[in-house]
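The data block below is run28.cif; it holds mmCIF, C-alpha atoms.
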data_entry
loop_
_atom_site.group_PDB
_atom_site.id
_atom_site.type_symbol
_atom_site.label_atom_id
_atom_site.label_comp_id
_atom_site.auth_asym_id
_atom_site.auth_seq_id
_atom_site.Cartn_x
_atom_site.Cartn_y
_atom_site.Cartn_z
ATOM 1 C CA MET Y 1 85.651 91.895 111.737
ATOM 2 C CA LYS Y 2 89.160 91.430 113.124
ATOM 3 C CA LYS Y 3 89.578 92.836 116.596
ATOM 4 C CA ILE Y 4 93.307 93.355 116.957
ATOM 5 C CA GLY Y 5 93.380 94.285 120.624
ATOM 6 C CA SER Y 6 93.311 97.488 122.617
ATOM 7 C CA LEU Y 7 95.600 100.121 124.031
ATOM 8 C CA ALA Y 8 94.804 101.497 127.472
ATOM 9 C CA LEU Y 9 95.500 104.968 128.781
ATOM 10 C CA ALA Y 10 94.645 106.910 131.905
ATOM 11 C CA LEU Y 11 93.453 110.492 132.005
ATOM 12 C CA ALA Y 12 96.994 111.555 132.780
ATOM 13 C CA GLY Y 13 98.372 112.543 129.417
ATOM 14 C CA ALA Y 14 100.241 110.931 126.582
ATOM 15 C CA LEU Y 15 100.860 107.209 126.765
ATOM 16 C CA LEU Y 16 102.437 106.524 123.380
ATOM 17 C CA VAL Y 17 104.156 108.836 120.964
ATOM 18 C CA CYS Y 18 105.027 107.453 117.544
ATOM 19 C CA SER Y 19 106.203 108.675 114.201
ATOM 20 C CA HIS Y 20 103.824 108.517 111.268
ATOM 21 C CA VAL Y 21 104.644 106.935 107.912
ATOM 22 C CA SER Y 22 102.592 105.643 105.020
ATOM 23 C CA ALA Y 23 100.379 102.827 106.231
ATOM 24 C CA THR Y 24 100.722 99.149 105.370
ATOM 25 C CA THR Y 25 98.201 96.648 106.709
ATOM 26 C CA PHE Y 26 97.795 92.930 106.108
ATOM 27 C CA ALA Y 27 95.137 90.711 107.648
ATOM 28 C CA GLU Y 28 95.028 86.954 107.221
ATOM 29 C CA VAL Y 29 92.136 84.771 108.401
ATOM 30 C CA PHE Y 30 93.177 81.704 106.339
ATOM 31 C CA ALA Y 31 89.798 81.467 104.617
ATOM 32 C CA ALA Y 32 91.619 80.668 101.356
ATOM 33 C CA ASP Y 33 94.843 78.862 100.541
ATOM 34 C CA PRO Y 34 97.537 81.149 102.006
ATOM 35 C CA ILE Y 35 100.105 80.129 99.391
ATOM 36 C CA ALA Y 36 97.813 81.705 96.804
ATOM 37 C CA GLN Y 37 97.663 84.850 98.971
ATOM 38 C CA GLY Y 38 101.404 85.505 98.980
ATOM 39 C CA TRP Y 39 102.597 83.285 101.829
ATOM 40 C CA ILE Y 40 105.620 81.038 101.345
ATOM 41 C CA ALA Y 41 106.921 77.952 103.162
ATOM 42 C CA THR Y 42 110.642 77.185 103.422
ATOM 43 C CA GLY Y 43 112.689 74.459 105.062
ATOM 44 C CA ASN Y 44 110.635 71.439 106.089
ATOM 45 C CA THR Y 45 107.324 72.536 104.592
ATOM 46 C CA ASN Y 46 105.524 69.536 106.129
ATOM 47 C CA LEU Y 47 105.602 71.402 109.444
ATOM 48 C CA PHE Y 48 102.876 73.724 108.127
ATOM 49 C CA HIS Y 49 99.409 72.747 106.947
ATOM 50 C CA TRP Y 50 96.522 74.954 105.928
ATOM 51 C CA ASN Y 51 93.298 73.581 107.369
ATOM 52 C CA ALA Y 52 90.723 74.544 104.752
ATOM 53 C CA ALA Y 53 87.792 73.418 106.884
ATOM 54 C CA ASN Y 54 88.779 75.265 110.074
ATOM 55 C CA HIS Y 55 90.349 78.279 108.350
ATOM 56 C CA ASN Y 56 93.601 78.221 110.288
ATOM 57 C CA LEU Y 57 97.228 77.197 109.963
ATOM 58 C CA GLU Y 58 98.311 74.011 111.702
ATOM 59 C CA VAL Y 59 101.927 74.212 112.859
ATOM 60 C CA THR Y 60 104.484 71.767 114.191
ATOM 61 C CA TRP Y 61 107.468 73.309 115.939
ATOM 62 C CA ASP Y 62 110.132 70.602 115.792
ATOM 63 C CA SER Y 63 113.670 71.616 116.705
ATOM 64 C CA SER Y 64 115.081 68.355 115.323
ATOM 65 C CA GLN Y 65 114.301 69.688 111.836
ATOM 66 C CA THR Y 66 116.043 72.346 109.802
ATOM 67 C CA ASN Y 67 115.079 76.022 110.184
ATOM 68 C CA SER Y 68 111.605 76.298 108.662
ATOM 69 C CA TYR Y 69 109.332 79.275 108.080
ATOM 70 C CA PHE Y 70 105.790 79.987 106.983
ATOM 71 C CA CYS Y 71 105.747 83.685 106.259
ATOM 72 C CA ARG Y 72 104.539 86.558 104.131
ATOM 73 C CA PRO Y 73 106.310 89.719 102.919
ATOM 74 C CA PHE Y 74 104.908 93.098 103.872
ATOM 75 C CA GLY Y 75 106.341 94.880 100.868
ATOM 76 C CA THR Y 76 108.987 96.994 102.557
ATOM 77 C CA SER Y 77 111.815 96.783 105.080
ATOM 78 C CA LEU Y 78 111.337 98.014 108.636
ATOM 79 C CA THR Y 79 114.044 99.254 110.998
ATOM 80 C CA LYS Y 80 114.096 100.446 114.594
ATOM 81 C CA ALA Y 81 112.946 103.852 113.273
ATOM 82 C CA ASN Y 82 109.532 102.454 112.158
ATOM 83 C CA ASP Y 83 106.427 101.909 114.281
ATOM 84 C CA PHE Y 84 104.671 98.600 113.718
ATOM 85 C CA MET Y 85 102.399 96.046 115.305
ATOM 86 C CA LEU Y 86 101.767 92.340 114.854
ATOM 87 C CA GLY Y 87 98.780 90.426 116.180
ATOM 88 C CA PHE Y 88 97.841 86.754 115.967
ATOM 89 C CA ASP Y 89 95.879 83.964 117.626
ATOM 90 C CA LEU Y 90 97.709 80.977 119.105
ATOM 91 C CA ARG Y 91 96.345 77.710 120.420
ATOM 92 C CA LEU Y 92 98.767 74.978 121.523
ATOM 93 C CA ALA Y 93 97.678 71.337 121.505
ATOM 94 C CA ASP Y 94 100.919 70.213 123.180
ATOM 95 C CA VAL Y 95 104.400 71.527 123.887
ATOM 96 C CA GLY Y 96 107.427 69.912 125.478
ATOM 97 C CA PRO Y 97 110.893 68.458 124.864
ATOM 98 C CA GLY Y 98 111.883 67.176 121.466
ATOM 99 C CA THR Y 99 112.815 63.655 120.465
ATOM 100 C CA ASP Y 100 116.528 63.927 121.332
ATOM 101 C CA THR Y 101 116.932 62.871 124.975
ATOM 102 C CA ASN Y 102 120.398 64.467 124.984
ATOM 103 C CA LYS Y 103 118.708 67.885 124.726
ATOM 104 C CA PRO Y 104 116.484 67.934 127.824
ATOM 105 C CA PHE Y 105 116.288 71.678 128.406
ATOM 106 C CA THR Y 106 113.796 74.119 126.944
ATOM 107 C CA PHE Y 107 113.799 75.620 123.451
ATOM 108 C CA GLN Y 108 111.410 78.157 121.968
ATOM 109 C CA ILE Y 109 108.522 78.252 119.615
ATOM 110 C CA ALA Y 110 108.520 81.530 117.703
ATOM 111 C CA ILE Y 111 106.204 83.867 115.779
ATOM 112 C CA GLY Y 112 107.205 87.303 114.559
ATOM 113 C CA LEU Y 113 109.120 89.365 112.016
ATOM 114 C CA LEU Y 114 112.271 88.275 110.212
ATOM 115 C CA ASN Y 115 114.706 89.054 107.442
ATOM 116 C CA LEU Y 116 113.981 86.089 105.205
ATOM 117 C CA ALA Y 117 117.198 86.215 103.167
ATOM 118 C CA GLN Y 118 119.283 85.974 106.315
ATOM 119 C CA ALA Y 119 116.964 83.540 108.119
ATOM 120 C CA THR Y 120 117.300 81.047 105.261
ATOM 121 C CA SER Y 121 121.080 81.354 104.960
ATOM 122 C CA SER Y 122 123.365 78.514 106.017
ATOM 123 C CA GLY Y 123 124.980 80.609 108.744
ATOM 124 C CA PHE Y 124 121.729 81.458 110.532
ATOM 125 C CA ILE Y 125 121.768 79.511 113.847
ATOM 126 C CA ARG Y 126 119.120 80.508 116.386
ATOM 127 C CA GLY Y 127 120.357 78.206 119.141
ATOM 128 C CA SER Y 128 123.837 79.710 119.492
ATOM 129 C CA GLY Y 129 122.517 83.068 120.648
ATOM 130 C CA PHE Y 130 124.771 85.134 118.392
ATOM 131 C CA GLU Y 131 124.120 83.967 114.827
ATOM 132 C CA ALA Y 132 120.487 84.919 114.229
ATOM 133 C CA PRO Y 133 120.284 88.618 113.304
ATOM 134 C CA ASN Y 134 117.318 90.794 112.361
ATOM 135 C CA LEU Y 135 114.403 89.366 114.325
ATOM 136 C CA VAL Y 136 111.379 90.679 116.202
ATOM 137 C CA GLU Y 137 109.836 87.684 117.923
ATOM 138 C CA PHE Y 138 107.291 86.366 120.349
ATOM 139 C CA ASN Y 139 109.071 83.405 121.935
ATOM 140 C CA TYR Y 140 107.558 80.853 124.279
ATOM 141 C CA PHE Y 141 109.746 78.438 126.242
ATOM 142 C CA TRP Y 142 108.164 75.367 127.832
ATOM 143 C CA ASP Y 143 109.035 74.692 131.481
ATOM 144 C CA SER Y 144 112.121 72.516 131.894
ATOM 145 C CA GLY Y 145 112.562 73.376 135.565
ATOM 146 C CA PHE Y 146 112.894 77.162 135.624
ATOM 147 C CA GLY Y 147 109.317 78.115 134.797
ATOM 148 C CA ALA Y 148 107.576 78.513 131.458
ATOM 149 C CA THR Y 149 108.651 81.804 129.899
ATOM 150 C CA VAL Y 150 107.222 84.345 127.464
ATOM 151 C CA SER Y 151 110.040 86.295 125.865
ATOM 152 C CA PRO Y 152 109.429 88.984 123.218
ATOM 153 C CA VAL Y 153 112.754 90.064 121.750
ATOM 154 C CA LEU Y 154 114.362 92.252 119.095
ATOM 155 C CA ILE Y 155 117.743 91.234 117.649
ATOM 156 C CA SER Y 156 119.831 93.651 115.613
ATOM 157 C CA SER Y 157 121.782 93.150 112.417
ATOM 158 C CA ASN Y 158 124.858 92.735 114.636
ATOM 159 C CA ASN Y 159 123.172 90.193 116.967
ATOM 160 C CA GLU Y 160 122.587 92.701 119.774
ATOM 161 C CA TYR Y 161 119.574 91.815 121.927
ATOM 162 C CA SER Y 162 116.900 94.088 123.346
ATOM 163 C CA ASP Y 163 116.768 94.524 127.105
ATOM 164 C CA GLY Y 164 114.122 92.944 129.331
ATOM 165 C CA GLY Y 165 111.154 90.987 128.060
ATOM 166 C CA PHE Y 166 111.552 87.763 130.062
ATOM 167 C CA THR Y 167 108.274 87.055 131.870
ATOM 168 C CA PHE Y 168 108.203 83.883 134.005
ATOM 169 C CA PRO Y 169 106.719 81.764 135.286
ATOM 170 C CA LEU Y 170 103.915 82.199 132.780
ATOM 171 C CA GLU Y 171 102.557 79.052 131.210
ATOM 172 C CA LEU Y 172 100.383 78.936 128.109
ATOM 173 C CA THR Y 173 97.734 76.326 128.815
ATOM 174 C CA THR Y 174 97.219 73.793 126.056
ATOM 175 C CA ASN Y 175 93.937 74.028 124.132
ATOM 176 C CA ALA Y 176 93.371 77.598 125.335
ATOM 177 C CA LEU Y 177 92.995 80.333 122.729
ATOM 178 C CA TYR Y 178 95.357 83.259 123.147
ATOM 179 C CA HIS Y 179 95.550 86.488 121.205
ATOM 180 C CA VAL Y 180 98.954 88.178 121.158
ATOM 181 C CA THR Y 181 99.505 91.819 120.223
ATOM 182 C CA MET Y 182 103.030 93.173 119.812
ATOM 183 C CA LEU Y 183 103.388 96.949 119.439
ATOM 184 C CA TYR Y 184 106.717 98.644 118.750
ATOM 185 C CA THR Y 185 107.039 102.410 119.121
ATOM 186 C CA ALA Y 186 110.122 103.989 117.579
ATOM 187 C CA ASP Y 187 110.063 107.135 119.700
ATOM 188 C CA ASN Y 188 110.997 105.243 122.866
ATOM 189 C CA HIS Y 189 112.423 102.096 121.199
ATOM 190 C CA THR Y 190 110.022 99.892 123.142
ATOM 191 C CA LEU Y 191 108.221 96.690 122.210
ATOM 192 C CA ARG Y 192 105.076 96.165 124.272
ATOM 193 C CA THR Y 193 103.340 92.798 124.250
ATOM 194 C CA ALA Y 194 99.843 92.005 125.493
ATOM 195 C CA ILE Y 195 98.128 88.620 125.667
ATOM 196 C CA THR Y 196 94.452 87.909 126.141
ATOM 197 C CA SER Y 197 92.692 84.615 126.702
ATOM 198 C CA ASN Y 198 89.049 84.628 125.649
ATOM 199 C CA GLY Y 199 89.196 88.410 125.665
ATOM 200 C CA VAL Y 200 90.565 88.625 129.221
ATOM 201 C CA ALA Y 201 94.056 89.968 129.943
ATOM 202 C CA PHE Y 202 96.532 87.157 130.523
ATOM 203 C CA GLY Y 203 99.710 87.853 132.443
ATOM 204 C CA SER Y 204 101.640 91.102 132.412
ATOM 205 C CA ILE Y 205 104.372 90.858 129.808
ATOM 206 C CA LYS Y 206 107.540 92.827 130.445
ATOM 207 C CA ASP Y 207 108.520 95.375 127.826
ATOM 208 C CA SER Y 208 111.522 94.857 125.575
ATOM 209 C CA THR Y 209 113.592 97.995 125.045
ATOM 210 C CA LEU Y 210 116.543 98.884 122.841
ATOM 211 C CA GLY Y 211 119.658 99.952 124.685
ATOM 212 C CA ALA Y 212 122.161 102.552 123.536
ATOM 213 C CA SER Y 213 124.370 99.860 121.988
ATOM 214 C CA PHE Y 214 121.575 98.418 119.829
ATOM 215 C CA SER Y 215 122.648 99.316 116.283
ATOM 216 C CA ASP Y 216 119.675 98.627 113.991
ATOM 217 C CA LEU Y 217 117.628 95.863 112.434
ATOM 218 C CA THR Y 218 115.988 95.149 109.093
ATOM 219 C CA VAL Y 219 112.938 92.875 108.773
ATOM 220 C CA ASP Y 220 110.721 92.250 105.756
ATOM 221 C CA TYR Y 221 108.486 89.209 106.492
ATOM 222 C CA PHE Y 222 106.090 88.135 109.251
ATOM 223 C CA GLY Y 223 105.040 84.620 110.138
ATOM 224 C CA VAL Y 224 105.845 81.432 112.038
ATOM 225 C CA SER Y 225 109.362 80.108 112.709
ATOM 226 C CA SER Y 226 110.361 76.569 113.658
ATOM 227 C CA TYR Y 227 114.039 76.648 114.553
ATOM 228 C CA SER Y 228 116.663 73.928 114.524
ATOM 229 C CA ASP Y 229 118.238 73.345 117.936
ATOM 230 C CA VAL Y 230 121.787 72.958 116.582
ATOM 231 C CA GLY Y 231 124.608 75.179 117.791
ATOM 232 C CA GLN Y 232 123.711 75.426 121.481
ATOM 233 C CA PHE Y 233 126.252 75.680 124.280
ATOM 234 C CA PRO Y 234 127.447 72.179 125.236
ATOM 235 C CA GLY Y 235 125.803 70.820 128.368
ATOM 236 C CA PHE Y 236 122.779 73.123 128.157
ATOM 237 C CA GLU Y 237 121.140 71.911 124.963
ATOM 238 C CA GLY Y 238 117.384 72.230 124.716
ATOM 239 C CA SER Y 239 114.719 71.078 122.290
ATOM 240 C CA VAL Y 240 111.038 71.468 121.555
ATOM 241 C CA LEU Y 241 108.239 69.546 119.917
ATOM 242 C CA ALA Y 242 104.922 71.358 119.848
ATOM 243 C CA HIS Y 243 101.727 71.270 117.838
ATOM 244 C CA GLY Y 244 99.154 73.999 117.533
ATOM 245 C CA VAL Y 245 97.310 76.401 115.291
ATOM 246 C CA VAL Y 246 97.848 80.054 114.485
ATOM 247 C CA ASP Y 247 95.189 82.287 112.995
ATOM 248 C CA ASN Y 248 93.998 85.846 112.546
ATOM 249 C CA PHE Y 249 97.320 87.443 111.712
ATOM 250 C CA ILE Y 250 97.285 91.172 111.390
ATOM 251 C CA PHE Y 251 100.290 93.335 110.618
ATOM 252 C CA ALA Y 252 100.276 97.125 110.453
ATOM 253 C CA SER Y 253 102.908 99.800 110.020
ATOM 254 C CA PRO Y 254 102.263 102.251 111.480
ATOM 255 C CA PRO Y 255 99.949 100.729 114.115
ATOM 256 C CA PRO Y 256 96.273 101.691 113.882
ATOM 257 C CA VAL Y 257 96.531 103.793 117.052
ATOM 258 C CA THR Y 258 99.455 106.101 117.786
ATOM 259 C CA THR Y 259 100.072 109.285 119.774
ATOM 260 C CA LEU Y 260 97.438 108.663 122.435
ATOM 261 C CA LYS Y 261 96.536 111.623 124.614
ATOM 262 C CA ALA Y 262 93.797 112.078 127.204
ATOM 263 C CA LEU Y 263 92.333 115.525 127.770
ATOM 264 C CA ASN Y 264 89.883 116.718 130.421
ATOM 265 C CA GLY Y 265 87.417 119.464 129.786
ATOM 266 C CA SER Y 266 83.801 120.664 129.808
ATOM 267 C CA GLY Y 267 82.504 117.644 131.678
ATOM 268 C CA VAL Y 268 83.558 115.170 128.996
ATOM 269 C CA ALA Y 269 86.540 112.873 128.593
ATOM 270 C CA ASN Y 270 88.366 113.408 125.315
ATOM 271 C CA VAL Y 271 90.815 110.836 123.973
ATOM 272 C CA GLN Y 272 92.916 112.096 121.107
ATOM 273 C CA PHE Y 273 95.062 109.860 118.934
ATOM 274 C CA ARG Y 274 96.654 109.539 115.519
ATOM 275 C CA ALA Y 275 94.634 107.140 113.393
ATOM 276 C CA THR Y 276 94.931 105.267 110.120
ATOM 277 C CA THR Y 277 92.413 104.891 107.309
ATOM 278 C CA ASN Y 278 90.569 101.599 106.739
ATOM 279 C CA TRP Y 279 90.282 100.903 110.485
ATOM 280 C CA LEU Y 280 87.263 101.296 112.766
ATOM 281 C CA TYR Y 281 87.628 102.890 116.200
ATOM 282 C CA THR Y 282 85.639 102.852 119.443
ATOM 283 C CA LEU Y 283 86.322 104.226 122.914
ATOM 284 C CA GLU Y 284 85.936 102.018 125.996
ATOM 285 C CA ARG Y 285 86.001 102.832 129.711
ATOM 286 C CA THR Y 286 86.649 100.995 132.949
ATOM 287 C CA THR Y 287 86.843 101.937 136.621
ATOM 288 C CA SER Y 288 87.970 98.516 137.869
ATOM 289 C CA PHE Y 289 89.856 96.811 135.003
ATOM 290 C CA GLN Y 290 87.454 93.907 135.451
ATOM 291 C CA THR Y 291 84.944 94.977 132.798
ATOM 292 C CA TRP Y 292 84.971 97.536 130.004
ATOM 293 C CA SER Y 293 82.055 99.571 128.672
ATOM 294 C CA THR Y 294 81.738 101.013 125.180
ATOM 295 C CA VAL Y 295 81.231 104.773 125.461
ATOM 296 C CA SER Y 296 81.368 105.916 121.849
ATOM 297 C CA ALA Y 297 79.982 104.954 118.476
ATOM 298 C CA ILE Y 298 82.117 103.078 115.931
ATOM 299 C CA VAL Y 299 83.989 105.717 113.932
ATOM 300 C CA PRO Y 300 85.823 105.080 110.634
ATOM 301 C CA GLY Y 301 89.454 106.038 110.761
ATOM 302 C CA VAL Y 302 91.053 108.940 108.947
ATOM 303 C CA SER Y 303 94.719 109.532 108.239
ATOM 304 C CA GLY Y 304 95.652 111.965 110.961
ATOM 305 C CA THR Y 305 94.461 113.024 114.399
ATOM 306 C CA MET Y 306 91.105 111.757 115.651
ATOM 307 C CA GLN Y 307 89.225 112.310 118.898
ATOM 308 C CA LEU Y 308 86.691 110.142 120.704
ATOM 309 C CA GLN Y 309 84.587 111.365 123.622
ATOM 310 C CA ASP Y 310 82.942 109.957 126.698
ATOM 311 C CA THR Y 311 80.152 112.489 127.154
ATOM 312 C CA ASN Y 312 79.065 111.095 130.526
ATOM 313 C CA PRO Y 313 82.205 110.164 132.472
ATOM 314 C CA PRO Y 314 81.894 108.968 136.078
ATOM 315 C CA THR Y 315 82.816 111.244 138.964
ATOM 316 C CA ALA Y 316 85.431 108.717 140.123
ATOM 317 C CA ASN Y 317 88.678 108.056 138.302
ATOM 318 C CA ALA Y 318 88.268 106.236 135.010
ATOM 319 C CA PHE Y 319 90.594 104.637 132.489
ATOM 320 C CA TYR Y 320 90.089 104.504 128.742
ATOM 321 C CA ARG Y 321 91.244 102.418 125.827
ATOM 322 C CA VAL Y 322 90.823 102.701 122.086
ATOM 323 C CA HIS Y 323 89.764 99.601 120.202
ATOM 324 C CA ALA Y 324 90.911 99.356 116.603
ATOM 325 C CA GLU Y 325 89.197 96.848 114.337
ATOM 326 C CA TYR Y 326 90.138 95.912 110.801
ATOM 327 C CA PRO Y 327 87.022 95.070 108.727
#
Give the structure from the file, written as structure tokens.
Amino acid sequence: MKKIGSLALALAGALLVCSHVSATTFAEVFAADPIAQGWIATGNTNLFHWNAANHNLEVTWDSSQTNSYFCRPFGTSLTKANDFMLGFDLRLADVGPGTDTNKPFTFQIAIGLLNLAQATSSGFIRGSGFEAPNLVEFNYFWDSGFGATVSPVLISSNNEYSDGGFTFPLELTTNALYHVTMLYTADNHTLRTAITSNGVAFGSIKDSTLGASFSDLTVDYFGVSSYSDVGQFPGFEGSVLAHGVVDNFIFASPPPVTTLKALNGSGVANVQFRATTNWLYTLERTTSFQTWSTVSAIVPGVSGTMQLQDTNPPTANAFYRVHAEYP
């Protein structure tokens, strides 16, 4: 099964409120050739290699190369009015400056959602900061003196950036396996990002939010982006050369868990949420945030409101999360 992460809520009321649309879910474990499964490679396709033996995608992020993408369509276009989530595994073998010694500062590696038609156009320049519209990205910047940085971001059709999202110093250790979950909720225009390492929470990633001036965005593919470092402000040019693997992609719109609400009553803890079919749900509890205990059976999802119960809650305060798994 694919465990795509968890959403935590206290017994205080609603944590997330999202709209509900027809569900789209894709899961990719790279057990078969991804090109035969609908993925495409553009730009320098040698930067991407399917490892048939290890069932993952080997990636080189090389900013000396042209903009290059390994991505898959999700069959529709999403805007800021749609809820969605993206999850993936990331393991970096190495990450640092590129081959051009005249570009000593940091540059990002990126995974996320994009508008492929625009991302492959000649005028799309990620490094300039104002010529790369329609993106939802997990960006990681290696440390060039200011601290390694995790930076989830949304960029509008008019190159307006989301607010917040810069978390530093936060370094991704090479050869460690990370799972990243990005959850966007349209009701509050917020992108929340969580990272785990070997199942344990890693860092506390700042939310990215859309300000009043953020017009809209349109994205239609998810995948891996290796950006060219051309077009940067003179004197502050950065670069990147990194190698790693990505695996266990999962994309869902709407997310498998929305409209979370905790209700007290009759000596049990009730967690109510809007669910999606084809997912499996369990309720977990903690009193310390150090360990979590499963307190419900695995329940198949339905399209609509579901409720899970802890029939024997502790007398002290407790916190709950819903795990959604895609079989």
Counting all atoms listed in the file, what is within 6 Å of region 215-223 of chain Y, bar same-chain residues fewer than 6 positions away, as a list in words?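 So, after excluding close chain neighbours, the residues are Phe70, Cys71, Arg72, Pro73, Phe74, Thr76, Ser77, Leu78, Thr79, Lys80, Ile111, Gly112, Leu113, Leu114, Asn115, Asn134, Ser156 and Ser157 of chain Y.
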Can you turn the PyMOL selection byres ((chain Y and resi 43) around 6) into a concrete residue list for this file, as a PyMOL selection string? chain Y and resi 42+44-45+67-68
Do you know which residues are at most 9 Å from region 51-53 of chain Y counting only C-alpha atoms, after dropping those on the same chain fewer than 3 positions away, and could you put them as a compact mmCIF listing (two decimals) with C-alpha atoms, in the coordinates of the input?
# COMPACT_ATOMS: atom_id res chain seq x y z
CA PHE Y 30 93.18 81.70 106.34
CA ALA Y 31 89.80 81.47 104.62
CA ALA Y 32 91.62 80.67 101.36
CA ASP Y 33 94.84 78.86 100.54
CA ASN Y 56 93.60 78.22 110.29
CA LEU Y 57 97.23 77.20 109.96
CA GLU Y 58 98.31 74.01 111.70
Need the shell around Phe146 (chain Y): protein/DNA/RNA residues with any atom at most 10 Å away, counting all atoms listed in the file. Skip same-chain ones fewer than 2 positions apart. Format as a list of chain:residue names?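 Once the nearby chain positions are removed, what remains is Y:Phe105, Y:Thr106, Y:Phe141, Y:Trp142, Y:Asp143, Y:Ser144, Y:Ala148, Y:Thr149, Y:Phe168, Y:Pro169.
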Using only C-alpha atoms, please write the residues we just selected to a file, as a CSV table (one decimal), in the frame of the given file.
chain,number,residue,atom,x,y,z
Y,105,PHE,CA,116.3,71.7,128.4
Y,106,THR,CA,113.8,74.1,126.9
Y,141,PHE,CA,109.7,78.4,126.2
Y,142,TRP,CA,108.2,75.4,127.8
Y,143,ASP,CA,109.0,74.7,131.5
Y,144,SER,CA,112.1,72.5,131.9
Y,148,ALA,CA,107.6,78.5,131.5
Y,149,THR,CA,108.7,81.8,129.9
Y,168,PHE,CA,108.2,83.9,134.0
Y,169,PRO,CA,106.7,81.8,135.3
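Nearest to Phe130 (chain Y) of all the residues Y:Gln290, Y:Gln65, Y:Gln232, Y:Ser226 is Y:Gln232, based on only C-alpha atoms.
The interatomic distance for the pair CA of Val246 (chain Y) and CA of Leu92 (chain Y) works out to 8.7 Å.
Here the question is which of Y:Tyr320, Y:Tyr161, Y:Phe273, Y:Trp50 gets nearest to Thr287 (chain Y) using all atoms listed in the file, and that residue is Y:Tyr320.
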So which residues are close to (107.1, 80.9, 124.5), meaning at most 6 Å away in the file's coordinates with only C-alpha atoms counted, and can you show them as number ranges by chain? Y: 108-109, 139-141, 149-150
Report as number ranges by chain the full result of the PyMOL selection byres ((chain Y and resi 194-196) around 12) when it is applied to this structure. Y: 3-8, 85-91, 138, 150-152, 165, 167, 170-172, 176-184, 191-193, 197-207
Hey, which of Y:Glu237, Y:Glu131, Y:Glu325, Y:Asp62 ends up closest to Gly96 (chain Y)? Count all atoms listed in the file.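 Nearest candidate to Gly96 (chain Y) out of Y:Glu237, Y:Glu131, Y:Glu325, Y:Asp62: Y:Asp62.
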Y:Ala93, Y:Val322, Y:Val224, Y:Leu47 ranked by distance to Ala119 (chain Y), top pick (using all atoms listed in the file): Y:Val224
If the PyMOL selection byres ((chain Y and resi 257) around 8) were run on this exact file, what residues would it hold? Put them as a tab-separated table (two decimals) with C-alpha atoms, keeping the file's coordinate frame.
chain	number	residue	atom	x	y	z
Y	7	LEU	CA	95.60	100.12	124.03
Y	255	PRO	CA	99.95	100.73	114.12
Y	256	PRO	CA	96.27	101.69	113.88
Y	258	THR	CA	99.46	106.10	117.79
Y	259	THR	CA	100.07	109.28	119.77
Y	260	LEU	CA	97.44	108.66	122.44
Y	273	PHE	CA	95.06	109.86	118.93
Y	274	ARG	CA	96.65	109.54	115.52
Y	275	ALA	CA	94.63	107.14	113.39
Y	276	THR	CA	94.93	105.27	110.12
Y	322	VAL	CA	90.82	102.70	122.09
Y	324	ALA	CA	90.91	99.36	116.60
Work out how far CA of Glu284 (chain Y) is from CA of Ala318 (chain Y), in Å to one decimal.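 So the answer is 10.2 Å.
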So for region 249-253 of chain Y, what box centre and size do we get, axis-aligned, 8 Å extra on each of the six sides, every listed atom, Å to one decimal, as lines of an AutoDock Vina configuration file?
center_x = 100.1
center_y = 93.6
center_z = 110.9
size_x = 21.6
size_y = 28.4
size_z = 17.7
I'd like the interatomic distance between CA of Tyr281 (chain Y) and CA of Ser293 (chain Y), to a tenth of an Å.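 If I compute the distance from CA of Tyr281 (chain Y) to CA of Ser293 (chain Y), I get 14.1 Å.
Closest approach to Ser121 (chain Y) among Y:Thr66, Y:Thr24, Y:Asn175, Y:Asn82: Y:Thr66, based on only C-alpha atoms.
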